[in-house]
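One structure is given here, and the rest of the page talks about it.
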Amino acid sequence: MNDKRAIGIFDSGLGGLTVMKEIRKALPGENIYYLGDTKHVPYGSKSAATVTRLSSSNIEYLLKQNVKLIVVACNTSSALSLADLKKIFRVPMVGVVEPGAAGAVKASVSGRIGVIGTTGTVGSGAYRKAVKKLLPGARVYSKACPLFVPLVEEGWWDKKITGEICAEYLSELRKHRVDTLVLGCTHYPFLKKAIGNVMKGATLIDSAYETAHAVRALLAQKGILNTSGRKPAYRFYVTDAPEKFKKLGSSFLRYGIEKVKLLNID
Ligand code: DGL
């Protein structure tokens with residue numbers, strides 16, 4: 001069946017564009033509506049109750065735009081709120097934690113897996129739980145890296161100081177000899193090179209890439225792929241500062257974002 005309705009993606013801000021980018025690659029025929037809650041970013045340091053409330057508002061808005069599936073691109077929302085959100089909304093929903101964990105389990109040879117993310121994501125233990133569910137004998141080592149998000153937003157993707165901060169944060173994971181490292185935050189794919197230089201020999205798992213493939217599989221399973229062959233439409237919504245989103249987002253996506261609509265949702 002051909003279903004032309006759009007895929008709805010939301011994130012706390014612009015980081016989720018890394019997920020959108022992978023979805024565009026995996027599903028070039030799909031319409032995509034992206035909502036960045038730029039008014040309330042960061043989610044990484046907020047409580048689960050607040051993250052669930054904010055995530056619910058984002059989903060409600062996207063549902064009003066008649067989307068067929070929701071992608072919770074924010075790792076913090078996926079880690080803290082996905083289970084509750086699935087109880088509240090009936091729309092098919094994909095988070096980033098389970099696909100990222102599955103990718104790590106597939107890639108790891110030793111079963112020693114590292115996870116990095118925001119304070120909220122790491123504190124929730126969601127990745128550990130998801131990995132253990134698939135591979136009970138796995139040894140999971142996690143580390144919150146709160147400075148990574150501002151470094152990425154500043155565009156300091158491969159500065160010397162970025163390498164030094166990576167080395168500091170990741171030293172414990174190196175000691176634990178993890179052979180696989182999950183980049184459990186929307187922003188971290190931008191630091192792949194700097195992180196890879198420190199974690200030599202470890203496989204880096206990009207949750208965005210894994211999630212895009214999970215989205216494709218779910219759309220196919222439900223028979224709701226867009227098979228029209230038409231040029232897709234992309235829409236962007238934010239809750240604050242649309243101009244900043246347009247500028248930074250275009251460089252994040254390497255795609256010229258033309259229009260960003262400012263929403264008044266809370
Ligand atoms: N999008 C968030 C995540 O993936 C990072 C930014 C934030 O803290 O809101 O966890």
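Ligands are numbered from 1 in the order shown, chains are lettered A, B, ... in the order of the structure tokens, and residues start at 1 in each chain.
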- Message: At a cut-off of 9 Å, using only C-alpha atoms, what residues contact A:Lys68? Leave out same-chain residues fewer than 4 positions from it and give the result as a VMD selection string.
- Response: chain A and resid 3 to 8 63 91 to 92 224
Restricting the output to all heavy atoms, write the selected residues as a PDB file, in the first residue's frame.
```
ATOM      1  N   ASP A   3       1.474   4.939   1.191  1.00  0.00           N
ATOM      2  CA  ASP A   3       1.024   5.874   2.229  1.00  0.00           C
ATOM      3  C   ASP A   3       1.862   7.146   2.146  1.00  0.00           C
ATOM      4  O   ASP A   3       3.044   7.141   2.511  1.00  0.00           O
ATOM      5  CB  ASP A   3       1.169   5.209   3.607  1.00  0.00           C
ATOM      6  CG  ASP A   3       0.475   6.012   4.698  1.00  0.00           C
ATOM      7  OD1 ASP A   3       0.372   7.245   4.553  1.00  0.00           O
ATOM      8  OD2 ASP A   3       0.053   5.399   5.694  1.00  0.00           O
ATOM      9  N   LYS A   4       1.230   8.211   1.676  1.00  0.00           N
ATOM     10  CA  LYS A   4       1.982   9.443   1.429  1.00  0.00           C
ATOM     11  C   LYS A   4       2.165  10.308   2.673  1.00  0.00           C
ATOM     12  O   LYS A   4       2.857  11.318   2.640  1.00  0.00           O
ATOM     13  CB  LYS A   4       1.279  10.265   0.343  1.00  0.00           C
ATOM     14  CG  LYS A   4       1.513   9.672  -1.041  1.00  0.00           C
ATOM     15  CD  LYS A   4       0.944  10.553  -2.113  1.00  0.00           C
ATOM     16  CE  LYS A   4      -0.525  10.293  -2.220  1.00  0.00           C
ATOM     17  NZ  LYS A   4      -1.257  10.804  -3.309  1.00  0.00           N
ATOM     18  N   ARG A   5       1.529   9.927   3.772  1.00  0.00           N
ATOM     19  CA  ARG A   5       1.687  10.745   4.981  1.00  0.00           C
ATOM     20  C   ARG A   5       3.166  10.813   5.365  1.00  0.00           C
ATOM     21  O   ARG A   5       3.936   9.888   5.098  1.00  0.00           O
ATOM     22  CB  ARG A   5       0.874  10.139   6.130  1.00  0.00           C
ATOM     23  CG  ARG A   5      -0.629  10.302   5.971  1.00  0.00           C
ATOM     24  CD  ARG A   5      -1.346   9.590   7.102  1.00  0.00           C
ATOM     25  NE  ARG A   5      -1.020   8.175   7.127  1.00  0.00           N
ATOM     26  CZ  ARG A   5      -1.167   7.388   8.198  1.00  0.00           C
ATOM     27  NH1 ARG A   5      -1.631   7.889   9.327  1.00  0.00           N
ATOM     28  NH2 ARG A   5      -0.853   6.118   8.131  1.00  0.00           N
ATOM     29  N   ALA A   6       3.526  11.893   6.058  1.00  0.00           N
ATOM     30  CA  ALA A   6       4.944  12.099   6.399  1.00  0.00           C
ATOM     31  C   ALA A   6       5.360  11.296   7.635  1.00  0.00           C
ATOM     32  O   ALA A   6       4.527  10.860   8.430  1.00  0.00           O
ATOM     33  CB  ALA A   6       5.184  13.581   6.664  1.00  0.00           C
ATOM     34  N   ILE A   7       6.671  11.139   7.766  1.00  0.00           N
ATOM     35  CA  ILE A   7       7.268  10.622   9.000  1.00  0.00           C
ATOM     36  C   ILE A   7       7.492  11.848   9.888  1.00  0.00           C
ATOM     37  O   ILE A   7       8.005  12.868   9.409  1.00  0.00           O
ATOM     38  CB  ILE A   7       8.634   9.964   8.701  1.00  0.00           C
ATOM     39  CG1 ILE A   7       8.457   8.722   7.817  1.00  0.00           C
ATOM     40  CG2 ILE A   7       9.367   9.630   9.989  1.00  0.00           C
ATOM     41  CD1 ILE A   7       9.796   8.151   7.329  1.00  0.00           C
ATOM     42  N   GLY A   8       7.118  11.789  11.159  1.00  0.00           N
ATOM     43  CA  GLY A   8       7.361  12.906  12.082  1.00  0.00           C
ATOM     44  C   GLY A   8       8.563  12.593  12.950  1.00  0.00           C
ATOM     45  O   GLY A   8       8.653  11.508  13.532  1.00  0.00           O
ATOM     46  N   LEU A  63       1.215  14.914  15.349  1.00  0.00           N
ATOM     47  CA  LEU A  63       0.018  14.133  15.011  1.00  0.00           C
ATOM     48  C   LEU A  63      -1.029  15.023  14.329  1.00  0.00           C
ATOM     49  O   LEU A  63      -1.734  14.580  13.430  1.00  0.00           O
ATOM     50  CB  LEU A  63      -0.564  13.459  16.253  1.00  0.00           C
ATOM     51  CG  LEU A  63       0.267  12.286  16.805  1.00  0.00           C
ATOM     52  CD1 LEU A  63      -0.382  11.716  18.060  1.00  0.00           C
ATOM     53  CD2 LEU A  63       0.438  11.184  15.755  1.00  0.00           C
ATOM     54  N   VAL A  91       0.178   5.897  17.846  1.00  0.00           N
ATOM     55  CA  VAL A  91       0.895   5.956  16.573  1.00  0.00           C
ATOM     56  C   VAL A  91       2.166   5.074  16.663  1.00  0.00           C
ATOM     57  O   VAL A  91       2.775   4.990  17.732  1.00  0.00           O
ATOM     58  CB  VAL A  91       1.267   7.434  16.264  1.00  0.00           C
ATOM     59  CG1 VAL A  91       2.195   8.018  17.322  1.00  0.00           C
ATOM     60  CG2 VAL A  91       1.864   7.614  14.887  1.00  0.00           C
ATOM     61  N   PRO A  92       2.568   4.413  15.570  1.00  0.00           N
ATOM     62  CA  PRO A  92       3.829   3.667  15.624  1.00  0.00           C
ATOM     63  C   PRO A  92       4.988   4.607  15.981  1.00  0.00           C
ATOM     64  O   PRO A  92       5.044   5.741  15.479  1.00  0.00           O
ATOM     65  CB  PRO A  92       3.997   3.124  14.200  1.00  0.00           C
ATOM     66  CG  PRO A  92       2.649   3.179  13.587  1.00  0.00           C
ATOM     67  CD  PRO A  92       1.894   4.280  14.273  1.00  0.00           C
ATOM     68  N   ILE A 224       3.195   0.694   5.121  1.00  0.00           N
ATOM     69  CA  ILE A 224       2.890   2.128   4.991  1.00  0.00           C
ATOM     70  C   ILE A 224       4.062   2.921   4.390  1.00  0.00           C
ATOM     71  O   ILE A 224       4.289   4.078   4.729  1.00  0.00           O
ATOM     72  CB  ILE A 224       2.424   2.752   6.337  1.00  0.00           C
ATOM     73  CG1 ILE A 224       3.406   2.456   7.479  1.00  0.00           C
ATOM     74  CG2 ILE A 224       1.025   2.271   6.706  1.00  0.00           C
ATOM     75  CD1 ILE A 224       3.104   3.208   8.784  1.00  0.00           C
TER      76      ILE A 224
END
```
So which residues are near ligand 1, meaning at most 6 Å away with only C-alpha atoms and all ligand atoms counted, given back as a short mmCIF file (atom, residue, chain, number, x, y, z; two decimals) with N, CA and C atoms, in the first residue's frame?
```
data_model
loop_
_atom_site.label_atom_id
_atom_site.label_comp_id
_atom_site.auth_asym_id
_atom_site.auth_seq_id
_atom_site.Cartn_x
_atom_site.Cartn_y
_atom_site.Cartn_z
N ASP A 11 13.11 16.24 18.21
CA ASP A 11 14.30 16.26 19.06
C ASP A 11 14.23 17.49 19.94
N SER A 12 15.10 17.56 20.94
CA SER A 12 15.14 18.73 21.80
C SER A 12 15.62 19.96 21.03
N GLY A 15 20.00 18.70 16.99
CA GLY A 15 20.83 17.48 16.93
C GLY A 15 20.15 16.33 16.21
N VAL A 41 15.56 23.13 24.87
CA VAL A 41 16.83 22.42 24.85
C VAL A 41 17.72 22.99 25.96
N PRO A 42 18.51 22.22 26.70
CA PRO A 42 18.75 20.80 26.56
C PRO A 42 17.77 19.94 27.37
N TYR A 43 17.48 18.74 26.83
CA TYR A 43 16.70 17.77 27.59
C TYR A 43 17.63 16.93 28.49
N GLY A 44 18.90 16.90 28.11
CA GLY A 44 19.86 15.99 28.75
C GLY A 44 20.02 16.17 30.25
N CYS A 74 15.62 12.13 19.84
CA CYS A 74 16.40 12.54 21.00
C CYS A 74 16.70 11.31 21.87
N ASN A 75 17.98 11.07 22.11
CA ASN A 75 18.36 9.92 22.94
C ASN A 75 17.82 10.05 24.35
N THR A 76 17.84 11.28 24.89
CA THR A 76 17.37 11.48 26.25
C THR A 76 15.88 11.16 26.34
N THR A 118 24.12 11.85 27.17
CA THR A 118 23.91 12.93 28.13
C THR A 118 23.80 12.34 29.55
N CYS A 185 23.87 9.86 21.63
CA CYS A 185 23.36 11.24 21.68
C CYS A 185 23.32 11.76 20.26
N THR A 186 22.29 12.54 19.97
CA THR A 186 22.11 13.05 18.60
C THR A 186 23.34 13.77 18.05
#
```
- Item | Distance query A:Glu60 at most 12 Å, only C-alpha atoms, self and fewer than 5 positions along chain excluded, as a PyMOL selection string | chain A and resi 8-10+35+53-55+65-67+70+85+88-91+265-266
- Message: Need the shell around A:Trp156: protein/DNA/RNA residues with any atom at most 12 Å away, counting only C-alpha atoms. Skip same-chain ones fewer than 3 positions apart. Format as a VMD selection string?
- Response: chain A and resid 147 to 153 159 to 163 165 187 to 188 190 to 191 193 to 194
- Given only C-alpha atoms as the counted atoms, nearest of A:Leu80, A:Val97, A:Ile59, A:Leu170 to A:Tyr209: A:Val97
- Query: Excluding same-chain residues fewer than 6 positions from A:Leu181, what lies within 10 Å of it counting only C-alpha atoms, as number ranges by chain?
  - Reply: A: 100-101, 104, 107-108, 112-116, 140-142, 173, 195-196, 199, 202-206
- Item | Residues within 10 Å of A:Ala26, only C-alpha atoms, excluding chain neighbours under 3 positions, as number ranges by chain | A: 20-23, 29-30, 209, 211-216
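Minimum atom-to-atom distance to A:Pro99, evaluated using only C-alpha atoms, belongs to A:Ser207 out of A:Ser207, A:Ser250, A:Asn31, A:Thr239.
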- Message: Taking only stretch 59-205 of chain A into account, list the residues labelled strand (DSSP E) by DSSP (computed from the backbone), as an NGL selection string.
- Response: :A and (69-72 or 93-95 or 112-117 or 139-144 or 180-184 or 203-205)
- Out of A:Lys175, A:Cys145, A:Ser78, A:Glu210, which residue has the shortest atom-to-atom distance to A:Tyr127 when counting only C-alpha atoms?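 Of A:Lys175, A:Cys145, A:Ser78, A:Glu210, the one nearest A:Tyr127 is A:Ser78, counting only C-alpha atoms.
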- Message: Report as a VMD selection string all protein, DNA and RNA residues lying within 9 Å of A:Lys261, evaluated on only C-alpha atoms, omitting residues in the same chain fewer than 2 positions from it.
- Response: chain A and resid 235 to 239 242 259 263
Selection export as a compact mmCIF listing (two decimals), in the first residue's frame, atoms kept: N, CA and C atoms:
```txt
# COMPACT_ATOMS: atom_id res chain seq x y z
N ARG A 235 9.52 19.45 6.04
CA ARG A 235 9.07 20.64 6.76
C ARG A 235 9.80 20.72 8.09
N PHE A 236 10.07 21.93 8.53
CA PHE A 236 10.82 22.12 9.78
C PHE A 236 10.03 23.04 10.71
N TYR A 237 9.89 22.61 11.95
CA TYR A 237 9.20 23.39 12.96
C TYR A 237 10.12 23.55 14.17
N VAL A 238 10.11 24.73 14.79
CA VAL A 238 10.87 24.91 16.03
C VAL A 238 10.01 25.69 17.02
N THR A 239 10.42 25.63 18.28
CA THR A 239 9.67 26.36 19.30
C THR A 239 10.36 27.67 19.70
N PRO A 242 13.99 30.46 15.07
CA PRO A 242 14.02 29.77 13.76
C PRO A 242 15.22 30.13 12.88
N LYS A 259 12.67 27.10 4.82
CA LYS A 259 11.64 27.68 5.67
C LYS A 259 11.56 26.94 7.00
N LEU A 263 6.66 27.64 16.22
CA LEU A 263 5.43 27.16 16.86
C LEU A 263 5.27 27.77 18.23
```
- To one decimal place, how far is atom CA of A:Val182 from atom CA of A:Leu27 in Å? 23.0 Å
- atom CA of A:Leu248 to atom CA of A:Arg230: how many Å, to one decimal?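 If I compute the distance from atom CA of A:Leu248 to atom CA of A:Arg230, I get 27.7 Å.
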- Query: Nearest to A:Val122 among A:Lys143, A:Lys106, A:Lys244, A:His40, with distances taken over only C-alpha atoms: which residue is it?
  - Reply: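 For A:Val122, the nearest of the candidates is A:Lys143.
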- Item | From A:Ser45, A:Ala79, A:Leu225, A:Gly103, residue lying nearest A:Thr180 [only C-alpha atoms] |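 Closest candidate: A:Gly103.
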